[in-house]
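Chemist: Okay, here's the structure, questions in a sec.
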2 protein chains.
Amino acid sequence: MARPPASRNGKSNGAEPVDYGPLENWIGFNLRLAQSASFASFARLSKEIGERPGRMATLRLIGQNPGISQTALSRANGRDKSTLTPLLTDFAKRGLIRRTRTRGDRRTYRLALTPAGDRLLGQLTDCAQEHERDLDRVVGLRDRARFLAILRKITAELG
Amino acid sequence: MARPPASRNGKSNGAEPVDYGPLENWIGFNLRLAQSASFASFARLSKEIGERPGRMATLRLIGQNPGISQTALSRANGRDKSTLTPLLTDFAKRGLIRRTRTRGDRRTYRLALTPAGDRLLGQLTDCAQEHERDLDRVVGLRDRARFLAILRKITAELG
DNA sequence: TATTGTTATACTCTATAACTATA
DNA sequence: TATAGTTATAGAGTATAACAATA
């Protein structure tokens with residue numbers, strides 16, 4: 001729920017309970033809050049590894065699709081190809097990915113994880129799995145499948 | 001192991017089979033996709049009005065809590081007070097809100113909507129309601145309450 | 001001509017810290 | 001000293017447009 005953050009304990013700097021109005025019962029509003037909480041929780045878990053959730057998604061896509069081109073990758077996570085250049089340069093500089101020119105078409109790169117990139121992705125996956133266990137616990141085994149189906153339906157029909 | 005994607009040549013209208021791996025069955029991942037789709041859908045609906053979802057939330061909070069201070073407002077939507085200054089300046093310049101000094105404490109402002117701001121909020125609410133009807137249709141009446149309860153549980157327990 | 005990836009640029013959203021004017 | 005709001009600045013994250021190399 002939308003908690004007016006943390007000013008309880010007698011410190012009445014203005015009547016703190018904020019009225020969120022009709023939003024409180026809306027799917028869209030609560031979807032945003034839940035996603036934000038989930039995101040923050042995962043970011044907390046993976047902080048020590050040093051990769052934020054968004055960057056991790058890119059790394060995972062490369063690991064899952066070795067040989068993918070930058071353009072295909074940019075389409076896969078819905079961002080412009082120009083936003084990938086600095087990110088991939090950083091990954092390459094840190095030895096996490098490898099960029100090789102294709103033989104057939106010398107404009108494109110083929111992206112793949114290095115062993116170091118694969119190890120990092122493994123650590124990130126461990127974090128994600130821990131986070132997923134937290135979510136599963138909160139959602140509950142009984143409702144999980146139904147909940148997941150609805151999320152997918154929203155993505156499919158509103159995307 | 002994952003198949004190399006997009007080895008098809010030719011036009012393939014951006015529909016390249018990318019492997020998302022284990023993420024596809026994870027709550028966190030699908031929560032993010034659903035929220036993103038919902039957000040985009042709402043942004044589409046409210047585009048002609050000229051306010052983005054984030055700014056609208058601020059306007060709504062003011063409308064719902066007349067007399068609120070900037071600091072309380074910043075806490076209410078979880079952002080630093082300094083991020084509010086340019087936004088509120090813009091709202092005031094466009095005649096959507098009114099800032100009055102309080103009598104008791106001349107450091108603080110009391111924020112409220114002007115009639116024009118109230119009208120704009122009304123339009124935005126119409127959009128939001130249309131969006132909410134879309135979401136309700138997708139979620140389904142039978143599952144709505146349960147779905148909402150789970151979203152709130154996630155926010156409460158992971159926030 | 002069209003496409004891949006890069007560069008230049010800009011806009012949004014957010015944060016931190018230093019500042020002012022009050023308290 | 002502490003608080004309300006402002007300013008300056010910086011850092012992600014994203015987008016568009018122009019470009020060079022290649023197709």
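Residues are named by chain letter and number: chains run A, B, ... in the order of the structure tokens, numbers start at 1 in each chain, and ligands are numbered from 1 in the order shown.
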After fitting chain A to chain B over all Cα atoms matched in order, what RMSD is left?
Modeler: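 Overlaying the two chains on their C-alpha atoms yields 3.6 Å.
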Chemist: Pull out every residue of chain B that has at least one atom within 9 Å of chain C, counting only C-alpha atoms (C1' of nucleotides), and report them as a list in words.
Modeler: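 So the contacting residues turn out to be Arg79, Asp80, Ser82, Thr83, Asp105, Arg106 and Arg107 of chain B.
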Chemist: Report as JSON lines the residues of chain D within 10 Å of chain A, each with its shortest atom pair and distance in Å (one decimal), using only C-alpha atoms (C1' of nucleotides), ordered by chain and increasing residue number.
Modeler:
```
{"residue": "D:DT3", "atom": "C1'", "partner": "A:Asn13", "partner_atom": "CA", "distance": 9.9}
{"residue": "D:DG13", "atom": "C1'", "partner": "A:Thr83", "partner_atom": "CA", "distance": 8.4}
{"residue": "D:DT14", "atom": "C1'", "partner": "A:Thr83", "partner_atom": "CA", "distance": 7.3}
{"residue": "D:DA15", "atom": "C1'", "partner": "A:Asp80", "partner_atom": "CA", "distance": 7.5}
{"residue": "D:DT16", "atom": "C1'", "partner": "A:Asp80", "partner_atom": "CA", "distance": 9.8}
{"residue": "D:DA21", "atom": "C1'", "partner": "A:Arg107", "partner_atom": "CA", "distance": 7.2}
{"residue": "D:DT22", "atom": "C1'", "partner": "A:Arg107", "partner_atom": "CA", "distance": 5.7}
{"residue": "D:DA23", "atom": "C1'", "partner": "A:Asp105", "partner_atom": "CA", "distance": 7.5}
```
Chemist: Taking N, CA and C atoms (P, O5', C5', C4', C3', O3' and C1' of nucleotides) for each residue, export the selection above as a PDB file, in the first residue's frame.
Modeler:
```
ATOM      1  P    DT D   3      15.020  19.268  12.010  1.00  0.00           P
ATOM      2  O5'  DT D   3      14.197  20.233  11.035  1.00  0.00           O
ATOM      3  C5'  DT D   3      13.175  21.030  11.597  1.00  0.00           C
ATOM      4  C4'  DT D   3      12.647  21.975  10.533  1.00  0.00           C
ATOM      5  C3'  DT D   3      12.365  21.294   9.187  1.00  0.00           C
ATOM      6  O3'  DT D   3      11.075  21.711   8.783  1.00  0.00           O
ATOM      7  C1'  DT D   3      13.722  23.195   8.882  1.00  0.00           C
ATOM      8  P    DG D  13      21.187   3.029 -15.527  1.00  0.00           P
ATOM      9  O5'  DG D  13      20.169   3.599 -16.618  1.00  0.00           O
ATOM     10  C5'  DG D  13      18.883   4.000 -16.193  1.00  0.00           C
ATOM     11  C4'  DG D  13      18.204   4.701 -17.330  1.00  0.00           C
ATOM     12  C3'  DG D  13      18.347   3.990 -18.685  1.00  0.00           C
ATOM     13  O3'  DG D  13      17.073   3.498 -19.070  1.00  0.00           O
ATOM     14  C1'  DG D  13      18.630   6.335 -18.872  1.00  0.00           C
ATOM     15  P    DT D  14      16.961   2.570 -20.332  1.00  0.00           P
ATOM     16  O5'  DT D  14      16.568   3.596 -21.485  1.00  0.00           O
ATOM     17  C5'  DT D  14      15.331   4.286 -21.385  1.00  0.00           C
ATOM     18  C4'  DT D  14      15.337   5.508 -22.250  1.00  0.00           C
ATOM     19  C3'  DT D  14      15.586   5.273 -23.730  1.00  0.00           C
ATOM     20  O3'  DT D  14      14.404   4.894 -24.400  1.00  0.00           O
ATOM     21  C1'  DT D  14      16.562   7.316 -22.911  1.00  0.00           C
ATOM     22  P    DA D  15      14.411   4.658 -25.977  1.00  0.00           P
ATOM     23  O5'  DA D  15      14.496   6.111 -26.641  1.00  0.00           O
ATOM     24  C5'  DA D  15      13.527   7.095 -26.303  1.00  0.00           C
ATOM     25  C4'  DA D  15      13.758   8.352 -27.136  1.00  0.00           C
ATOM     26  C3'  DA D  15      14.027   8.047 -28.604  1.00  0.00           C
ATOM     27  O3'  DA D  15      12.991   8.556 -29.416  1.00  0.00           O
ATOM     28  C1'  DA D  15      15.760   9.445 -27.690  1.00  0.00           C
ATOM     29  P    DT D  16      13.081   8.223 -31.008  1.00  0.00           P
ATOM     30  O5'  DT D  16      13.901   9.440 -31.615  1.00  0.00           O
ATOM     31  C5'  DT D  16      13.518  10.775 -31.294  1.00  0.00           C
ATOM     32  C4'  DT D  16      14.431  11.758 -32.018  1.00  0.00           C
ATOM     33  C3'  DT D  16      14.634  11.438 -33.501  1.00  0.00           C
ATOM     34  O3'  DT D  16      14.506  12.637 -34.238  1.00  0.00           O
ATOM     35  C1'  DT D  16      16.739  11.535 -32.385  1.00  0.00           C
ATOM     36  P    DA D  21      35.041   5.655 -43.159  1.00  0.00           P
ATOM     37  O5'  DA D  21      34.337   4.228 -43.160  1.00  0.00           O
ATOM     38  C5'  DA D  21      34.422   3.423 -42.010  1.00  0.00           C
ATOM     39  C4'  DA D  21      33.617   2.155 -42.209  1.00  0.00           C
ATOM     40  C3'  DA D  21      33.978   1.353 -43.452  1.00  0.00           C
ATOM     41  O3'  DA D  21      34.206   0.017 -43.040  1.00  0.00           O
ATOM     42  C1'  DA D  21      31.645   1.707 -43.368  1.00  0.00           C
ATOM     43  P    DT D  22      34.649  -1.099 -44.101  1.00  0.00           P
ATOM     44  O5'  DT D  22      33.251  -1.659 -44.564  1.00  0.00           O
ATOM     45  C5'  DT D  22      32.453  -2.348 -43.614  1.00  0.00           C
ATOM     46  C4'  DT D  22      31.113  -2.641 -44.226  1.00  0.00           C
ATOM     47  C3'  DT D  22      31.133  -3.559 -45.454  1.00  0.00           C
ATOM     48  O3'  DT D  22      30.669  -4.829 -45.048  1.00  0.00           O
ATOM     49  C1'  DT D  22      29.519  -1.807 -45.595  1.00  0.00           C
ATOM     50  P    DA D  23      30.577  -6.009 -46.087  1.00  0.00           P
ATOM     51  O5'  DA D  23      29.125  -5.797 -46.689  1.00  0.00           O
ATOM     52  C5'  DA D  23      28.020  -6.021 -45.837  1.00  0.00           C
ATOM     53  C4'  DA D  23      26.732  -5.704 -46.558  1.00  0.00           C
ATOM     54  C3'  DA D  23      26.553  -6.480 -47.865  1.00  0.00           C
ATOM     55  O3'  DA D  23      25.637  -7.541 -47.623  1.00  0.00           O
ATOM     56  C1'  DA D  23      25.863  -4.193 -48.044  1.00  0.00           C
TER      57       DA D  23
END
```
Chemist: Residues of chain A no more than 7 Å from chain B, counting only C-alpha atoms: send them over as a PyMOL selection string.
Modeler: chain A and resi 1+4-5+18-21+26-28+30-35+37-38+41+61+64-68+76+132+135+138-139+147-148+150-155+158-159
Chemist: Put those residues in a file: N, CA and C atoms, as a short mmCIF file (atom, residue, chain, number, x, y, z; two decimals), in the first residue's frame.
Modeler:
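Output contents, as saved in part_11.cif:
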```cif
data_model
loop_
_atom_site.label_atom_id
_atom_site.label_comp_id
_atom_site.auth_asym_id
_atom_site.auth_seq_id
_atom_site.Cartn_x
_atom_site.Cartn_y
_atom_site.Cartn_z
N MET A 1 0.85 -1.21 0.00
CA MET A 1 0.00 0.00 0.00
C MET A 1 0.87 1.24 0.00
N PRO A 4 2.68 6.65 3.41
CA PRO A 4 3.35 7.93 3.55
C PRO A 4 4.57 7.68 4.39
N PRO A 5 5.72 7.87 3.84
CA PRO A 5 6.92 7.35 4.46
C PRO A 5 7.28 7.99 5.79
N VAL A 18 -1.22 11.17 4.10
CA VAL A 18 -1.56 11.79 2.83
C VAL A 18 -2.68 11.00 2.17
N ASP A 19 -3.59 11.73 1.58
CA ASP A 19 -4.73 11.09 0.93
C ASP A 19 -4.38 10.80 -0.53
N TYR A 20 -4.36 9.55 -0.89
CA TYR A 20 -4.07 9.18 -2.27
C TYR A 20 -5.34 9.13 -3.12
N GLY A 21 -6.48 9.31 -2.50
CA GLY A 21 -7.72 9.38 -3.25
C GLY A 21 -8.07 8.06 -3.92
N TRP A 26 -6.87 1.38 -7.50
CA TRP A 26 -6.68 1.14 -8.92
C TRP A 26 -5.55 0.16 -9.19
N ILE A 27 -5.81 -0.69 -10.13
CA ILE A 27 -4.82 -1.68 -10.53
C ILE A 27 -3.53 -0.99 -10.99
N GLY A 28 -3.67 -0.01 -11.87
CA GLY A 28 -2.51 0.63 -12.46
C GLY A 28 -1.58 1.23 -11.41
N ASN A 30 -1.41 0.46 -8.15
CA ASN A 30 -0.82 -0.57 -7.31
C ASN A 30 0.19 -1.43 -8.06
N LEU A 31 -0.02 -1.55 -9.35
CA LEU A 31 0.96 -2.25 -10.18
C LEU A 31 2.29 -1.50 -10.17
N ARG A 32 2.18 -0.18 -10.27
CA ARG A 32 3.39 0.64 -10.25
C ARG A 32 4.11 0.55 -8.91
N LEU A 33 3.35 0.60 -7.82
CA LEU A 33 3.96 0.51 -6.50
C LEU A 33 4.63 -0.84 -6.28
N ALA A 34 3.95 -1.90 -6.71
CA ALA A 34 4.49 -3.24 -6.49
C ALA A 34 5.76 -3.44 -7.30
N GLN A 35 5.75 -2.97 -8.53
CA GLN A 35 6.94 -3.10 -9.38
C GLN A 35 8.09 -2.30 -8.79
N ALA A 37 8.56 -1.55 -5.64
CA ALA A 37 9.05 -2.24 -4.44
C ALA A 37 9.89 -3.45 -4.82
N SER A 38 9.42 -4.19 -5.79
CA SER A 38 10.16 -5.37 -6.24
C SER A 38 11.52 -4.98 -6.79
N SER A 41 13.85 -3.93 -4.02
CA SER A 41 14.28 -5.08 -3.23
C SER A 41 15.39 -5.83 -3.96
N LEU A 61 20.52 -11.24 -21.69
CA LEU A 61 20.10 -11.46 -23.07
C LEU A 61 21.26 -11.93 -23.94
N GLN A 64 22.02 -15.53 -23.04
CA GLN A 64 20.98 -16.46 -23.49
C GLN A 64 20.95 -16.57 -25.02
N ASN A 65 21.54 -15.58 -25.69
CA ASN A 65 21.49 -15.54 -27.16
C ASN A 65 22.86 -15.25 -27.75
N PRO A 66 23.78 -16.17 -27.54
CA PRO A 66 25.14 -15.91 -28.02
C PRO A 66 25.17 -15.69 -29.52
N GLY A 67 25.93 -14.68 -29.94
CA GLY A 67 26.02 -14.37 -31.36
C GLY A 67 25.04 -13.31 -31.79
N ILE A 68 24.23 -12.82 -30.85
CA ILE A 68 23.23 -11.81 -31.18
C ILE A 68 23.92 -10.51 -31.64
N ALA A 76 15.39 -6.40 -28.64
CA ALA A 76 14.95 -7.38 -27.65
C ALA A 76 14.63 -6.74 -26.31
N GLU A 132 13.43 -13.90 -6.32
CA GLU A 132 12.25 -14.61 -6.81
C GLU A 132 11.63 -15.46 -5.68
N LEU A 135 9.59 -13.16 -3.65
CA LEU A 135 8.33 -12.86 -4.32
C LEU A 135 7.37 -14.05 -4.23
N VAL A 138 5.75 -14.14 -0.92
CA VAL A 138 4.73 -13.11 -0.73
C VAL A 138 3.47 -13.43 -1.54
N VAL A 139 3.65 -13.86 -2.75
CA VAL A 139 2.50 -14.17 -3.61
C VAL A 139 1.76 -15.40 -3.10
N PHE A 147 -1.64 -15.47 -10.80
CA PHE A 147 -1.05 -14.12 -10.76
C PHE A 147 -0.14 -13.90 -11.97
N LEU A 148 0.68 -14.88 -12.24
CA LEU A 148 1.60 -14.79 -13.37
C LEU A 148 0.82 -14.69 -14.69
N ILE A 150 -2.07 -13.43 -15.19
CA ILE A 150 -2.67 -12.10 -15.34
C ILE A 150 -1.62 -11.08 -15.74
N LEU A 151 -0.45 -11.16 -15.12
CA LEU A 151 0.63 -10.25 -15.50
C LEU A 151 0.93 -10.38 -16.99
N ARG A 152 1.00 -11.60 -17.47
CA ARG A 152 1.29 -11.82 -18.88
C ARG A 152 0.18 -11.30 -19.77
N LYS A 153 -1.03 -11.44 -19.30
CA LYS A 153 -2.16 -10.96 -20.08
C LYS A 153 -2.10 -9.44 -20.21
N ILE A 154 -1.74 -8.78 -19.12
CA ILE A 154 -1.61 -7.32 -19.17
C ILE A 154 -0.54 -6.93 -20.19
N THR A 155 0.60 -7.60 -20.11
CA THR A 155 1.68 -7.29 -21.05
C THR A 155 1.23 -7.50 -22.49
N LEU A 158 -1.99 -4.94 -23.39
CA LEU A 158 -1.83 -3.49 -23.30
C LEU A 158 -0.52 -3.01 -23.92
N GLY A 159 0.36 -3.92 -24.21
CA GLY A 159 1.69 -3.51 -24.70
C GLY A 159 1.60 -2.83 -26.01
#
```
Chemist: What are the DSSP alpha helix (DSSP H) residues of range 77-150 of chain A, as a PyMOL selection string?
Modeler: chain A and resi 84-93+115-139+141-150
Chemist: Which value, in Å to one decimal, gives the distance between CA of Pro115 in chain A and CA of Leu96 in chain A?
Modeler: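 Those two atoms sit 7.5 Å apart.
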Chemist: Neighbours of Tyr109 in chain A within 7 Å (only C-alpha atoms (C1' of nucleotides); same-chain residues fewer than 2 positions away dropped), as a list of chain:residue names?
Modeler: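 Contacts, with the query itself left out: A:Ser69, A:Gln70, A:Arg99, A:Thr100, A:Arg101, A:Thr102, A:Arg107, A:Leu111.
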Chemist: For the selection just defined, write its residues with N, CA and C atoms to a file, as a JSON list (two decimals), in the first residue's frame.
Modeler:
```
[["chain", "number", "residue", "atom", "x", "y", "z"],
["A", 69, "SER", "N", 23.27, -9.79, -32.52],
["A", 69, "SER", "CA", 23.82, -8.51, -32.99],
["A", 69, "SER", "C", 23.33, -7.39, -32.08],
["A", 70, "GLN", "N", 23.98, -6.25, -32.18],
["A", 70, "GLN", "CA", 23.59, -5.14, -31.31],
["A", 70, "GLN", "C", 22.19, -4.63, -31.64],
["A", 99, "ARG", "N", 33.19, -9.07, -28.58],
["A", 99, "ARG", "CA", 32.57, -8.61, -29.83],
["A", 99, "ARG", "C", 33.40, -9.09, -31.01],
["A", 100, "THR", "N", 32.82, -9.90, -31.84],
["A", 100, "THR", "CA", 33.55, -10.36, -33.03],
["A", 100, "THR", "C", 32.77, -9.99, -34.28],
["A", 101, "ARG", "N", 33.52, -9.61, -35.30],
["A", 101, "ARG", "CA", 32.90, -9.29, -36.57],
["A", 101, "ARG", "C", 32.43, -10.59, -37.23],
["A", 102, "THR", "N", 31.30, -10.51, -37.86],
["A", 102, "THR", "CA", 30.84, -11.69, -38.61],
["A", 102, "THR", "C", 31.61, -11.75, -39.92],
["A", 107, "ARG", "N", 29.44, -5.44, -41.26],
["A", 107, "ARG", "CA", 28.94, -4.30, -40.49],
["A", 107, "ARG", "C", 28.59, -4.74, -39.07],
["A", 111, "LEU", "N", 27.78, -10.79, -30.47],
["A", 111, "LEU", "CA", 28.07, -10.60, -29.05],
["A", 111, "LEU", "C", 28.00, -11.93, -28.31]]
```
Chemist: Quick check, in Å to one decimal: how far apart do CA of Gly117 in chain B and CA of Arg44 in chain B lie?
Modeler: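 Spanning CA of Gly117 in chain B to CA of Arg44 in chain B is a straight-line distance of 21.0 Å.
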Chemist: Going by DSSP on the backbone, which residues of chain B come out as strand (DSSP E or B)? List them as a VMD selection string.
Modeler: chain B and resid 68 97 to 101 109 to 113
Chemist: Take the residues that were just selected and, keeping C-alpha atoms, output them as a PDB file, in the first residue's frame.
Modeler:
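again-v4.pdb was written with the following content:
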```
ATOM      1  CA  ILE B  68       0.019  20.347   1.655  1.00  0.00           C
ATOM      2  CA  ILE B  97      -1.567  25.508  -8.761  1.00  0.00           C
ATOM      3  CA  ARG B  98      -1.464  28.261  -6.193  1.00  0.00           C
ATOM      4  CA  ARG B  99       1.327  28.686  -3.637  1.00  0.00           C
ATOM      5  CA  THR B 100       0.506  30.675  -0.537  1.00  0.00           C
ATOM      6  CA  ARG B 101       2.715  31.337   2.455  1.00  0.00           C
ATOM      7  CA  TYR B 109       4.109  27.065   1.245  1.00  0.00           C
ATOM      8  CA  ARG B 110       0.605  25.700   1.160  1.00  0.00           C
ATOM      9  CA  LEU B 111      -0.156  24.166  -2.212  1.00  0.00           C
ATOM     10  CA  ALA B 112      -3.568  23.939  -3.826  1.00  0.00           C
ATOM     11  CA  LEU B 113      -5.052  23.554  -7.275  1.00  0.00           C
TER      12      LEU B 113
END
```
